[in-house]
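Asks: Got a structure for you, questions after.
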Amino acid sequence: MAITPKCKNGDTLYVTPFGTLRPCCWMPEQYCWKTFDVDPKWNMNITPVKQIKEKTVLEFAESMQKQPLGVCKRMCSGEKKEGYGELFNATQKMVIEGESE
Amino acid sequence: MLTTNPIEIELTTKCTLGCPACPRNADDYGEHTKENWDVGHMDTDLAKSFANDPEDRDYLFVGCYGDPIYHPDFIDIVRYYIERNKMLTIHTNGSFKKQKFWDELASLNWSRKQQFNFSVDGLEDTNHLYRIRANWKSIMMGMKTMGALPLDRKPRLDWKFLVFPYNEHQVEDARKLANSLGIDRFLPVTSEREIEVYNTDTPELYEWPKQ
């Protein structure tokens, strides 16, 4: 199944209440214990957040395109539906058109 | 170069609602078991620390497992980000906070760099069908208080309205209500998730119009 990881642009980086980093909020917990939580590349006390956003996440997204987790297939393979146009993503940042920061 | 993408921060795993498709309540997420994700509130100093990095300027207080307004130091944390001139978006269901909370929140030195995203799926008679236990009175209290702020110290205000068959007929009335409350943008949105995901214990999710 082809997927388009939403994390590939580094805009879904997620910090848990424990302060650990994940590529997005949908990562299953047990998988995280075995990967992100023990990997220095995802540890923001070791690797700068900027580097995680610009490098580590991209590497993860590329690996998911080759061999996606079940949750990635579920959340990042959907086609846009007809209807009200705006694709709803639980963690999507809403940007007001026409207004600069 | 400054980074431009927001960091999503989960301030707490506490929430008052029981939305069927939320990972808190859905049973189809396999390893998302409650004892794993229900870790309580983020340490306040840790929550503030992210705002100390000049490289980062854009943050999102998300509600993936909990609603950020239920963090006991929520206002203090938000004040810290505002004082550092950070772009900040806050996702909330807006329920179960008292007028005192909204008044204190409204007293912060907001600007258009900050944004509130109220997730309210319908009107008084429908919002609670998916957002189980949502409290309409307190939601309106929050929207009205924040919406009444003068523009020079008002955050951007969004009302995100998740469209279901049972609330689709209320989109235009909700849009009018949003305008009257001072909401900047009303966003009727469709879910990318399948409708079956929402049908845990709420048959109304399939039914409209009700006879």
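Ordered as shown in the structure tokens, chains take letters A, B, and onward, while each chain numbers its residues from 1 and ligands are numbered from 1 in the order shown.
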Run DSSP on the backbone and grab whatever in segment 27-198 of chain B lands in alpha helix (DSSP H); send it over as a ChimeraX atom specification.
Replies: /B:34-37,44-49,74-83,99-106,127-130,136-147,171-181
Asks: Ranking B:Arg79, B:Asp67, B:Phe118, B:Lys113 by minimum distance to chain A and counting only C-alpha atoms, which one comes first?
Replies: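 Closest to chain A of all the choices is B:Lys113.
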Asks: Contacts of Ser180 of chain B at 10 Å or less, counting only C-alpha atoms, minus same-chain residues fewer than 4 places along, as a list in words?
Replies: Lys144, Gly147, Ala148, Ala174, Arg175 and Lys176 of chain B
Asks: Mind writing the picked residues with C-alpha atoms as a PDB file, in the first residue's frame?
Replies:
```
ATOM      1  CA  LYS B 144     -17.932  34.747  23.974  1.00  0.00           C
ATOM      2  CA  GLY B 147     -14.409  36.717  21.000  1.00  0.00           C
ATOM      3  CA  ALA B 148     -15.147  39.968  22.812  1.00  0.00           C
ATOM      4  CA  ALA B 174     -23.454  27.681  13.484  1.00  0.00           C
ATOM      5  CA  ARG B 175     -21.652  29.990  11.062  1.00  0.00           C
ATOM      6  CA  LYS B 176     -23.989  32.832  12.047  1.00  0.00           C
TER       7      LYS B 176
END
```
Asks: Which residues are near Gln99 of chain B? Cut-off 10 Å, only C-alpha atoms, ignore same chain within fewer than 4 positions. Put them as a ChimeraX atom specification.
Replies: /B:103-105,138,141-142,145
Asks: Atoms to include: C-alpha atoms. Write the selected residues as a CSV table (one decimal), in the first residue's frame.
Replies:
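To be explicit, this is the file written out as part22.csv:
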```
chain,number,residue,atom,x,y,z
B,103,ASP,CA,-11.5,36.0,32.3
B,104,GLU,CA,-8.0,35.3,33.5
B,105,LEU,CA,-7.1,33.8,30.1
B,138,SER,CA,-19.2,26.6,29.2
B,141,MET,CA,-18.8,31.2,27.8
B,142,GLY,CA,-15.3,30.7,26.5
B,145,THR,CA,-15.2,35.9,26.4
```
Asks: Go through B:Asn179, B:Thr13, B:Asn167, B:Ser107 one by one, measure the shortest atom-to-atom distance of each to chain A using only C-alpha atoms, and give the residue with the smallest value.
Replies: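 Selected residue with least distance to chain A: B:Thr13.
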Asks: I'd like the contact shell of Leu162 of chain B - 8 Å cut-off, only C-alpha atoms, skipping same-chain residues fewer than 2 positions apart - returned as a PyMOL selection string.
Replies: chain B and resi 119-122+160+164+188-191
Asks: Could you take the residues named above and write them with C-alpha atoms, as a JSON list (two decimals), in the first residue's frame?
Replies:
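Final file, selection.json:
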```json
[["chain", "number", "residue", "atom", "x", "y", "z"],
["B", 119, "SER", "CA", -13.62, 22.02, 18.23],
["B", 120, "VAL", "CA", -17.40, 22.12, 18.43],
["B", 121, "ASP", "CA", -19.40, 19.81, 16.20],
["B", 122, "GLY", "CA", -22.88, 21.24, 16.04],
["B", 160, "LYS", "CA", -13.81, 23.83, 13.77],
["B", 164, "PHE", "CA", -21.72, 14.50, 10.49],
["B", 188, "PRO", "CA", -16.92, 23.06, 8.63],
["B", 189, "VAL", "CA", -14.68, 20.08, 7.97],
["B", 190, "THR", "CA", -15.20, 16.48, 6.99],
["B", 191, "SER", "CA", -13.31, 13.71, 8.67]]
```
Asks: Neighbours of Trp33 of chain A within 12 Å (only C-alpha atoms; same-chain residues fewer than 5 positions away dropped), as a ChimeraX atom specification?
Replies: /A:20-22,27-28,38-39,42 /B:31,36-37
Asks: Just list the residues in segment 20-122 of chain B DSSP gives strand (DSSP E or B) on the backbone, as an NGL selection string.
Replies: :B and (41 or 58-61 or 87-92 or 114-119)
Asks: Could those residues be written to a file, using N, CA and C atoms, as a PDB file, in the first residue's frame?
Replies:
```
ATOM      1  N   HIS B  41      -0.220  15.077  33.573  1.00  0.00           N
ATOM      2  CA  HIS B  41       0.151  16.398  33.082  1.00  0.00           C
ATOM      3  C   HIS B  41       1.659  16.493  32.807  1.00  0.00           C
ATOM      4  N   ASP B  58       7.105  28.322  16.580  1.00  0.00           N
ATOM      5  CA  ASP B  58       5.743  27.951  16.243  1.00  0.00           C
ATOM      6  C   ASP B  58       5.355  26.685  17.010  1.00  0.00           C
ATOM      7  N   TYR B  59       4.291  26.770  17.773  1.00  0.00           N
ATOM      8  CA  TYR B  59       3.928  25.665  18.661  1.00  0.00           C
ATOM      9  C   TYR B  59       2.432  25.381  18.563  1.00  0.00           C
ATOM     10  N   LEU B  60       2.114  24.136  18.861  1.00  0.00           N
ATOM     11  CA  LEU B  60       0.721  23.703  18.818  1.00  0.00           C
ATOM     12  C   LEU B  60       0.440  22.911  20.089  1.00  0.00           C
ATOM     13  N   PHE B  61      -0.464  23.402  20.933  1.00  0.00           N
ATOM     14  CA  PHE B  61      -0.890  22.627  22.096  1.00  0.00           C
ATOM     15  C   PHE B  61      -2.062  21.765  21.641  1.00  0.00           C
ATOM     16  N   MET B  87       4.517  32.035  18.225  1.00  0.00           N
ATOM     17  CA  MET B  87       3.279  31.649  17.556  1.00  0.00           C
ATOM     18  C   MET B  87       2.753  30.406  18.261  1.00  0.00           C
ATOM     19  N   LEU B  88       1.508  30.443  18.632  1.00  0.00           N
ATOM     20  CA  LEU B  88       0.959  29.348  19.420  1.00  0.00           C
ATOM     21  C   LEU B  88      -0.484  29.082  19.018  1.00  0.00           C
ATOM     22  N   THR B  89      -0.772  27.833  18.716  1.00  0.00           N
ATOM     23  CA  THR B  89      -2.142  27.424  18.430  1.00  0.00           C
ATOM     24  C   THR B  89      -2.603  26.457  19.515  1.00  0.00           C
ATOM     25  N   ILE B  90      -3.807  26.674  19.997  1.00  0.00           N
ATOM     26  CA  ILE B  90      -4.344  25.847  21.083  1.00  0.00           C
ATOM     27  C   ILE B  90      -5.615  25.166  20.613  1.00  0.00           C
ATOM     28  N   HIS B  91      -5.629  23.856  20.662  1.00  0.00           N
ATOM     29  CA  HIS B  91      -6.824  23.090  20.306  1.00  0.00           C
ATOM     30  C   HIS B  91      -7.594  22.751  21.583  1.00  0.00           C
ATOM     31  N   THR B  92      -8.869  23.020  21.595  1.00  0.00           N
ATOM     32  CA  THR B  92      -9.659  22.718  22.796  1.00  0.00           C
ATOM     33  C   THR B  92     -11.102  22.416  22.452  1.00  0.00           C
ATOM     34  N   GLN B 114      -1.150  34.276  18.147  1.00  0.00           N
ATOM     35  CA  GLN B 114      -1.704  33.125  18.847  1.00  0.00           C
ATOM     36  C   GLN B 114      -3.097  32.809  18.296  1.00  0.00           C
ATOM     37  N   GLN B 115      -3.474  31.567  18.455  1.00  0.00           N
ATOM     38  CA  GLN B 115      -4.730  31.126  17.850  1.00  0.00           C
ATOM     39  C   GLN B 115      -5.420  30.082  18.730  1.00  0.00           C
ATOM     40  N   PHE B 116      -6.713  30.274  18.914  1.00  0.00           N
ATOM     41  CA  PHE B 116      -7.526  29.280  19.600  1.00  0.00           C
ATOM     42  C   PHE B 116      -8.342  28.523  18.570  1.00  0.00           C
ATOM     43  N   ASN B 117      -8.383  27.212  18.711  1.00  0.00           N
ATOM     44  CA  ASN B 117      -9.169  26.395  17.804  1.00  0.00           C
ATOM     45  C   ASN B 117     -10.209  25.638  18.626  1.00  0.00           C
ATOM     46  N   PHE B 118     -11.435  26.151  18.634  1.00  0.00           N
ATOM     47  CA  PHE B 118     -12.512  25.476  19.365  1.00  0.00           C
ATOM     48  C   PHE B 118     -13.087  24.366  18.484  1.00  0.00           C
ATOM     49  N   SER B 119     -13.051  23.147  18.977  1.00  0.00           N
ATOM     50  CA  SER B 119     -13.621  22.025  18.235  1.00  0.00           C
ATOM     51  C   SER B 119     -15.024  21.763  18.775  1.00  0.00           C
TER      52      SER B 119
END
```
Asks: Near segment 2-6 of chain A, counting only C-alpha atoms, which residues have an atom at most 10 Å away, once you skip same-chain residues fewer than 4 positions from it, shown as a PyMOL selection string?
Replies: chain A and resi 10-12+23-24+58+60-68+72-78+89+92
Asks: May I have the selected residues written with N, CA and C atoms, as a PDB file, in the first residue's frame?
Replies:
```
ATOM      1  N   GLY A  10       8.102  17.332   8.464  1.00  0.00           N
ATOM      2  CA  GLY A  10       8.504  17.704   9.825  1.00  0.00           C
ATOM      3  C   GLY A  10       7.484  18.541  10.554  1.00  0.00           C
ATOM      4  N   ASP A  11       6.246  18.543  10.083  1.00  0.00           N
ATOM      5  CA  ASP A  11       5.254  19.431  10.709  1.00  0.00           C
ATOM      6  C   ASP A  11       4.247  18.680  11.581  1.00  0.00           C
ATOM      7  N   THR A  12       4.584  17.459  11.968  1.00  0.00           N
ATOM      8  CA  THR A  12       3.708  16.750  12.904  1.00  0.00           C
ATOM      9  C   THR A  12       4.484  16.270  14.121  1.00  0.00           C
ATOM     10  N   PRO A  23       7.362  11.040  15.757  1.00  0.00           N
ATOM     11  CA  PRO A  23       7.110  11.695  14.462  1.00  0.00           C
ATOM     12  C   PRO A  23       5.693  12.230  14.345  1.00  0.00           C
ATOM     13  N   CYS A  24       4.755  11.599  15.033  1.00  0.00           N
ATOM     14  CA  CYS A  24       3.391  12.120  15.089  1.00  0.00           C
ATOM     15  C   CYS A  24       2.683  11.486  16.280  1.00  0.00           C
ATOM     16  N   LEU A  58      12.537  12.956   8.477  1.00  0.00           N
ATOM     17  CA  LEU A  58      12.548  12.612   7.048  1.00  0.00           C
ATOM     18  C   LEU A  58      13.001  11.173   6.836  1.00  0.00           C
ATOM     19  N   PHE A  60      12.674   8.788   8.922  1.00  0.00           N
ATOM     20  CA  PHE A  60      11.583   7.928   9.360  1.00  0.00           C
ATOM     21  C   PHE A  60      10.492   7.845   8.282  1.00  0.00           C
ATOM     22  N   ALA A  61      10.147   9.001   7.703  1.00  0.00           N
ATOM     23  CA  ALA A  61       9.106   9.026   6.671  1.00  0.00           C
ATOM     24  C   ALA A  61       9.500   8.173   5.475  1.00  0.00           C
ATOM     25  N   GLU A  62      10.758   8.252   5.100  1.00  0.00           N
ATOM     26  CA  GLU A  62      11.224   7.446   3.964  1.00  0.00           C
ATOM     27  C   GLU A  62      11.129   5.952   4.281  1.00  0.00           C
ATOM     28  N   SER A  63      11.463   5.592   5.505  1.00  0.00           N
ATOM     29  CA  SER A  63      11.382   4.173   5.881  1.00  0.00           C
ATOM     30  C   SER A  63       9.936   3.694   5.908  1.00  0.00           C
ATOM     31  N   MET A  64       9.025   4.595   6.287  1.00  0.00           N
ATOM     32  CA  MET A  64       7.614   4.212   6.319  1.00  0.00           C
ATOM     33  C   MET A  64       7.030   4.071   4.914  1.00  0.00           C
ATOM     34  N   GLN A  65       7.588   4.804   3.970  1.00  0.00           N
ATOM     35  CA  GLN A  65       7.124   4.648   2.595  1.00  0.00           C
ATOM     36  C   GLN A  65       7.507   3.278   2.050  1.00  0.00           C
ATOM     37  N   LYS A  66       8.621   2.763   2.539  1.00  0.00           N
ATOM     38  CA  LYS A  66       9.067   1.440   2.086  1.00  0.00           C
ATOM     39  C   LYS A  66       8.367   0.332   2.860  1.00  0.00           C
ATOM     40  N   GLN A  67       8.243   0.508   4.154  1.00  0.00           N
ATOM     41  CA  GLN A  67       7.668  -0.541   4.988  1.00  0.00           C
ATOM     42  C   GLN A  67       6.821   0.106   6.093  1.00  0.00           C
ATOM     43  N   PRO A  68       5.606   0.536   5.754  1.00  0.00           N
ATOM     44  CA  PRO A  68       4.801   1.306   6.709  1.00  0.00           C
ATOM     45  C   PRO A  68       4.249   0.463   7.853  1.00  0.00           C
ATOM     46  N   CYS A  72       0.399   3.855  10.109  1.00  0.00           N
ATOM     47  CA  CYS A  72       0.751   4.756   9.003  1.00  0.00           C
ATOM     48  C   CYS A  72      -0.135   4.460   7.787  1.00  0.00           C
ATOM     49  N   LYS A  73      -0.411   3.179   7.550  1.00  0.00           N
ATOM     50  CA  LYS A  73      -1.309   2.821   6.444  1.00  0.00           C
ATOM     51  C   LYS A  73      -2.689   3.413   6.691  1.00  0.00           C
ATOM     52  N   ARG A  74      -3.091   3.379   7.971  1.00  0.00           N
ATOM     53  CA  ARG A  74      -4.445   3.841   8.293  1.00  0.00           C
ATOM     54  C   ARG A  74      -4.561   5.367   8.211  1.00  0.00           C
ATOM     55  N   MET A  75      -3.536   6.062   8.680  1.00  0.00           N
ATOM     56  CA  MET A  75      -3.658   7.514   8.799  1.00  0.00           C
ATOM     57  C   MET A  75      -3.066   8.290   7.627  1.00  0.00           C
ATOM     58  N   CYS A  76      -2.224   7.641   6.839  1.00  0.00           N
ATOM     59  CA  CYS A  76      -1.525   8.398   5.788  1.00  0.00           C
ATOM     60  C   CYS A  76      -1.741   7.838   4.379  1.00  0.00           C
ATOM     61  N   SER A  77      -2.794   7.100   4.205  1.00  0.00           N
ATOM     62  CA  SER A  77      -3.063   6.582   2.861  1.00  0.00           C
ATOM     63  C   SER A  77      -4.434   6.998   2.360  1.00  0.00           C
ATOM     64  N   GLY A  78      -5.170   7.753   3.163  1.00  0.00           N
ATOM     65  CA  GLY A  78      -6.535   8.094   2.815  1.00  0.00           C
ATOM     66  C   GLY A  78      -6.633   9.032   1.634  1.00  0.00           C
ATOM     67  N   ASN A  89      -7.455  16.936   9.900  1.00  0.00           N
ATOM     68  CA  ASN A  89      -6.366  16.192  10.509  1.00  0.00           C
ATOM     69  C   ASN A  89      -6.361  16.602  11.979  1.00  0.00           C
ATOM     70  N   GLN A  92      -3.686  19.014  12.728  1.00  0.00           N
ATOM     71  CA  GLN A  92      -3.311  19.982  11.701  1.00  0.00           C
ATOM     72  C   GLN A  92      -3.382  21.410  12.234  1.00  0.00           C
TER      73      GLN A  92
END
```
Asks: So, with only C-alpha atoms as the atoms that count, which of B:Leu187, B:Ile7, B:Leu177, B:Ile139 lies closest to Lys98 of chain B?
Replies: B:Ile139
Asks: For the atom pair atom CA of Asp45 of chain B and atom CA of Ile77 of chain B, what is the interatomic distance in Å to one decimal place?
Replies: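 Between atom CA of Asp45 of chain B and atom CA of Ile77 of chain B the gap is 8.6 Å.
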Asks: One decimal, in Å: what's the spacing between atom CA of Phe186 of chain B and atom CA of His169 of chain B?
Replies: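 Interatomic distance here is 15.0 Å.
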